[in-house]
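Asks: final-v9.pdb is reproduced below (PDB, C-alpha atoms, pLDDT in the B column).
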MODEL        1
ATOM      1  CA  MET S  25     -23.231   2.848  -1.566  1.00 91.00           C
ATOM      2  CA  ILE S  26     -26.754   1.615  -2.194  1.00 96.00           C
ATOM      3  CA  ALA S  27     -26.734  -0.955  -4.999  1.00 94.00           C
ATOM      4  CA  ASN S  28     -30.394  -1.890  -5.482  1.00 95.00           C
ATOM      5  CA  ASP S  29     -33.984  -1.115  -4.542  1.00 95.00           C
ATOM      6  CA  GLN S  30     -33.951  -3.527  -1.587  1.00 97.00           C
ATOM      7  CA  GLU S  31     -30.938  -1.756  -0.086  1.00 97.00           C
ATOM      8  CA  LEU S  32     -32.722   1.569  -0.656  1.00 97.00           C
ATOM      9  CA  LYS S  33     -35.793   0.256   1.194  1.00 98.00           C
ATOM     10  CA  THR S  34     -33.634  -0.952   4.082  1.00 98.00           C
ATOM     11  CA  THR S  35     -31.818   2.390   4.260  1.00 98.00           C
ATOM     12  CA  MET S  36     -35.083   4.332   4.278  1.00 98.00           C
ATOM     13  CA  GLU S  37     -36.420   2.126   7.097  1.00 98.00           C
ATOM     14  CA  ARG S  38     -33.224   2.728   9.066  1.00 98.00           C
ATOM     15  CA  ILE S  39     -33.566   6.481   8.522  1.00 98.00           C
ATOM     16  CA  ALA S  40     -37.118   6.348   9.863  1.00 98.00           C
ATOM     17  CA  ARG S  41     -35.956   4.434  12.984  1.00 98.00           C
ATOM     18  CA  PHE S  42     -33.182   6.951  13.622  1.00 98.00           C
ATOM     19  CA  GLN S  43     -35.625   9.827  13.199  1.00 98.00           C
ATOM     20  CA  GLN S  44     -37.904   8.249  15.802  1.00 98.00           C
ATOM     21  CA  LEU S  45     -34.954   7.919  18.189  1.00 98.00           C
ATOM     22  CA  VAL S  46     -34.082  11.581  17.689  1.00 98.00           C
ATOM     23  CA  LEU S  47     -37.688  12.550  18.416  1.00 98.00           C
ATOM     24  CA  GLN S  48     -37.590  10.520  21.633  1.00 98.00           C
ATOM     25  CA  ILE S  49     -34.314  12.130  22.668  1.00 97.00           C
ATOM     26  CA  ARG S  50     -35.729  15.556  21.831  1.00 96.00           C
ATOM     27  CA  ALA S  51     -38.769  14.932  24.011  1.00 96.00           C
ATOM     28  CA  THR S  52     -36.790  13.710  27.012  1.00 96.00           C
ATOM     29  CA  ALA S  53     -33.509  15.665  26.958  1.00 96.00           C
ATOM     30  CA  SER S  54     -32.966  17.688  30.095  1.00 95.00           C
ATOM     31  CA  SER S  55     -31.176  20.547  28.326  1.00 96.00           C
ATOM     32  CA  PRO S  56     -30.254  21.725  24.827  1.00 95.00           C
ATOM     33  CA  GLU S  57     -26.672  20.656  25.454  1.00 96.00           C
ATOM     34  CA  ASN S  58     -27.715  17.130  26.431  1.00 95.00           C
ATOM     35  CA  TYR S  59     -30.006  16.942  23.404  1.00 97.00           C
ATOM     36  CA  ARG S  60     -27.226  17.963  21.004  1.00 96.00           C
ATOM     37  CA  ALA S  61     -24.770  15.544  22.597  1.00 96.00           C
ATOM     38  CA  SER S  62     -27.247  12.669  22.430  1.00 96.00           C
ATOM     39  CA  ALA S  63     -28.811  13.349  19.026  1.00 98.00           C
ATOM     40  CA  GLY S  64     -25.756  14.553  17.106  1.00 97.00           C
ATOM     41  CA  GLY S  65     -24.508  11.144  16.053  1.00 97.00           C
ATOM     42  CA  PHE S  66     -27.954  10.023  14.918  1.00 98.00           C
ATOM     43  CA  LEU S  67     -28.480  13.205  12.912  1.00 98.00           C
ATOM     44  CA  THR S  68     -25.087  12.824  11.265  1.00 98.00           C
ATOM     45  CA  GLU S  69     -25.886   9.239  10.311  1.00 98.00           C
ATOM     46  CA  ILE S  70     -29.311  10.281   8.974  1.00 98.00           C
ATOM     47  CA  ASP S  71     -27.600  12.889   6.778  1.00 98.00           C
ATOM     48  CA  ARG S  72     -25.121  10.299   5.463  1.00 98.00           C
ATOM     49  CA  MET S  73     -27.830   7.761   4.665  1.00 98.00           C
ATOM     50  CA  MET S  74     -30.020  10.393   3.015  1.00 98.00           C
ATOM     51  CA  LEU S  75     -27.107  11.381   0.782  1.00 98.00           C
ATOM     52  CA  GLU S  76     -26.580   7.741  -0.219  1.00 98.00           C
ATOM     53  CA  ALA S  77     -30.287   7.357  -1.002  1.00 98.00           C
ATOM     54  CA  ARG S  78     -30.259  10.539  -3.033  1.00 98.00           C
ATOM     55  CA  GLU S  79     -27.219   9.412  -5.017  1.00 97.00           C
ATOM     56  CA  TYR S  80     -28.930   6.103  -5.773  1.00 96.00           C
ATOM     57  CA  LEU S  81     -32.171   7.791  -6.816  1.00 96.00           C
ATOM     58  CA  TRP S  82     -30.312  10.266  -9.010  1.00 95.00           C
ATOM     59  CA  LEU S  83     -29.178   7.476 -11.341  1.00 91.00           C
ATOM     60  CA  PRO S  84     -31.611   6.124 -13.956  1.00 89.00           C
ATOM     61  CA  ALA S  85     -33.079   2.691 -13.220  1.00 83.00           C
ATOM     62  CA  VAL S  86     -31.133   1.093 -16.073  1.00 78.00           C
ATOM     63  CA  ALA S  87     -27.917   1.911 -14.211  1.00 69.00           C
ATOM     64  CA  HIS S  88     -29.074  -0.439 -11.424  1.00 66.00           C
ATOM     65  CA  SER S  89     -30.198  -3.370 -13.512  1.00 64.00           C
ATOM     66  CA  THR S  90     -28.222  -6.584 -13.270  1.00 58.00           C
ATOM     67  CA  PRO S  91     -27.071  -8.056 -16.588  1.00 58.00           C
ATOM     68  CA  VAL S  92     -28.623 -11.401 -17.453  1.00 52.00           C
ATOM     69  CA  ALA S  93     -26.102 -14.246 -17.613  1.00 54.00           C
ATOM     70  CA  ALA S  94     -26.051 -16.214 -20.868  1.00 50.00           C
TER      71      ALA S  94
ENDMDL
END
Show the structure stored in the file as structure tokens.

Replies:
Amino acid sequence: MIANDQELKTTMERIARFQQLVLQIRATASSPENYRASAGGFLTEIDRMMLEAREYLWLPAVAHSTPVAA
């Protein structure tokens, strides 16, 4: 679960890297079967990370603020 804006940024960067890998696989796969076998894991992980990001963004910002120690 994403806990703060820095983790969100890192997750979004990771999503972008995985998307680039999928595009490379798509461009070089020798058949649809090979493409699906090679890209499937990346696409599943992209979906999982996108869901985490969405869950984080769904909460108001005050839910993510860290209490100040006295």

Asks: Atom CA of Ile49 of chain S and atom CA of Glu69 of chain S are how many Å apart?

Replies: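 Atom CA of Ile49 of chain S sits 15.2 Å away from atom CA of Glu69 of chain S.
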
Asks: What is the atom CA of Glu31 of chain S to atom CA of Ile70 of chain S distance in Å?

Replies: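 It comes out at 15.2 Å.
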
Asks: Write out as a list in words which residues come within 12 Å of segment 72-82 of chain S when counting only C-alpha atoms, dropping same-chain ones fewer than 6 positions away.

Replies: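 The contact residues come out as Met25, Ile26, Ala27, Asn28, Asp29, Gln30, Glu31, Leu32, Lys33, Thr34, Thr35, Met36, Glu37, Arg38, Ile39, Ala40, Phe42, Gln43, Gly65, Phe66 and His88 of chain S.
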
Asks: Mind giving me the straight-line distance from atom CA of Leu67 of chain S to atom CA of Leu83 of chain S in Å, one decimal?

Replies: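 Computing the Euclidean distance for atom CA of Leu67 of chain S and atom CA of Leu83 of chain S yields 24.9 Å.
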
Asks: Put the listed atoms of segment 52-65 of chain S in a box along x, y and z with 6 Å added on every side and give me the centre and edge lengths in Å to one decimal, as lines of an AutoDock Vina configuration file.

Replies:
center_x = -30.6
center_y = 16.4
center_z = 23.1
size_x = 24.3
size_y = 22.6
size_z = 26.0

Asks: Can I get segment 28-48 of chain S with N, CA and C atoms filled in, as a JSON list (two decimals), in the coordinates of the input?

Replies:
[["chain", "number", "residue", "atom", "x", "y", "z"],
["S", 28, "ASN", "N", -29.14, -1.44, -4.88],
["S", 28, "ASN", "CA", -30.39, -1.89, -5.48],
["S", 28, "ASN", "C", -31.58, -1.37, -4.66],
["S", 29, "ASP", "N", -32.78, -1.64, -5.19],
["S", 29, "ASP", "CA", -33.98, -1.12, -4.54],
["S", 29, "ASP", "C", -34.20, -1.69, -3.15],
["S", 30, "GLN", "N", -33.80, -2.93, -2.92],
["S", 30, "GLN", "CA", -33.95, -3.53, -1.59],
["S", 30, "GLN", "C", -33.06, -2.81, -0.58],
["S", 31, "GLU", "N", -31.83, -2.51, -0.97],
["S", 31, "GLU", "CA", -30.94, -1.76, -0.09],
["S", 31, "GLU", "C", -31.49, -0.35, 0.17],
["S", 32, "LEU", "N", -32.09, 0.25, -0.84],
["S", 32, "LEU", "CA", -32.72, 1.57, -0.66],
["S", 32, "LEU", "C", -33.84, 1.47, 0.38],
["S", 33, "LYS", "N", -34.69, 0.44, 0.24],
["S", 33, "LYS", "CA", -35.79, 0.26, 1.19],
["S", 33, "LYS", "C", -35.26, 0.09, 2.61],
["S", 34, "THR", "N", -34.23, -0.72, 2.77],
["S", 34, "THR", "CA", -33.63, -0.95, 4.08],
["S", 34, "THR", "C", -33.06, 0.34, 4.65],
["S", 35, "THR", "N", -32.39, 1.11, 3.82],
["S", 35, "THR", "CA", -31.82, 2.39, 4.26],
["S", 35, "THR", "C", -32.91, 3.35, 4.69],
["S", 36, "MET", "N", -33.99, 3.42, 3.93],
["S", 36, "MET", "CA", -35.08, 4.33, 4.28],
["S", 36, "MET", "C", -35.75, 3.91, 5.59],
["S", 37, "GLU", "N", -35.86, 2.60, 5.82],
["S", 37, "GLU", "CA", -36.42, 2.13, 7.10],
["S", 37, "GLU", "C", -35.49, 2.49, 8.25],
["S", 38, "ARG", "N", -34.20, 2.37, 8.03],
["S", 38, "ARG", "CA", -33.22, 2.73, 9.07],
["S", 38, "ARG", "C", -33.28, 4.23, 9.36],
["S", 39, "ILE", "N", -33.42, 5.04, 8.33],
["S", 39, "ILE", "CA", -33.57, 6.48, 8.52],
["S", 39, "ILE", "C", -34.78, 6.77, 9.39],
["S", 40, "ALA", "N", -35.89, 6.12, 9.09],
["S", 40, "ALA", "CA", -37.12, 6.35, 9.86],
["S", 40, "ALA", "C", -36.92, 5.96, 11.33],
["S", 41, "ARG", "N", -36.22, 4.83, 11.58],
["S", 41, "ARG", "CA", -35.96, 4.43, 12.98],
["S", 41, "ARG", "C", -35.09, 5.46, 13.70],
["S", 42, "PHE", "N", -34.05, 5.94, 13.01],
["S", 42, "PHE", "CA", -33.18, 6.95, 13.62],
["S", 42, "PHE", "C", -33.95, 8.24, 13.89],
["S", 43, "GLN", "N", -34.83, 8.62, 12.99],
["S", 43, "GLN", "CA", -35.62, 9.83, 13.20],
["S", 43, "GLN", "C", -36.51, 9.67, 14.43],
["S", 44, "GLN", "N", -37.09, 8.49, 14.62],
["S", 44, "GLN", "CA", -37.90, 8.25, 15.80],
["S", 44, "GLN", "C", -37.07, 8.34, 17.08],
["S", 45, "LEU", "N", -35.84, 7.81, 17.03],
["S", 45, "LEU", "CA", -34.95, 7.92, 18.19],
["S", 45, "LEU", "C", -34.64, 9.37, 18.51],
["S", 46, "VAL", "N", -34.38, 10.16, 17.47],
["S", 46, "VAL", "CA", -34.08, 11.58, 17.69],
["S", 46, "VAL", "C", -35.29, 12.28, 18.30],
["S", 47, "LEU", "N", -36.48, 11.94, 17.84],
["S", 47, "LEU", "CA", -37.69, 12.55, 18.42],
["S", 47, "LEU", "C", -37.84, 12.18, 19.89],
["S", 48, "GLN", "N", -37.52, 10.93, 20.23],
["S", 48, "GLN", "CA", -37.59, 10.52, 21.63],
["S", 48, "GLN", "C", -36.56, 11.27, 22.47]]
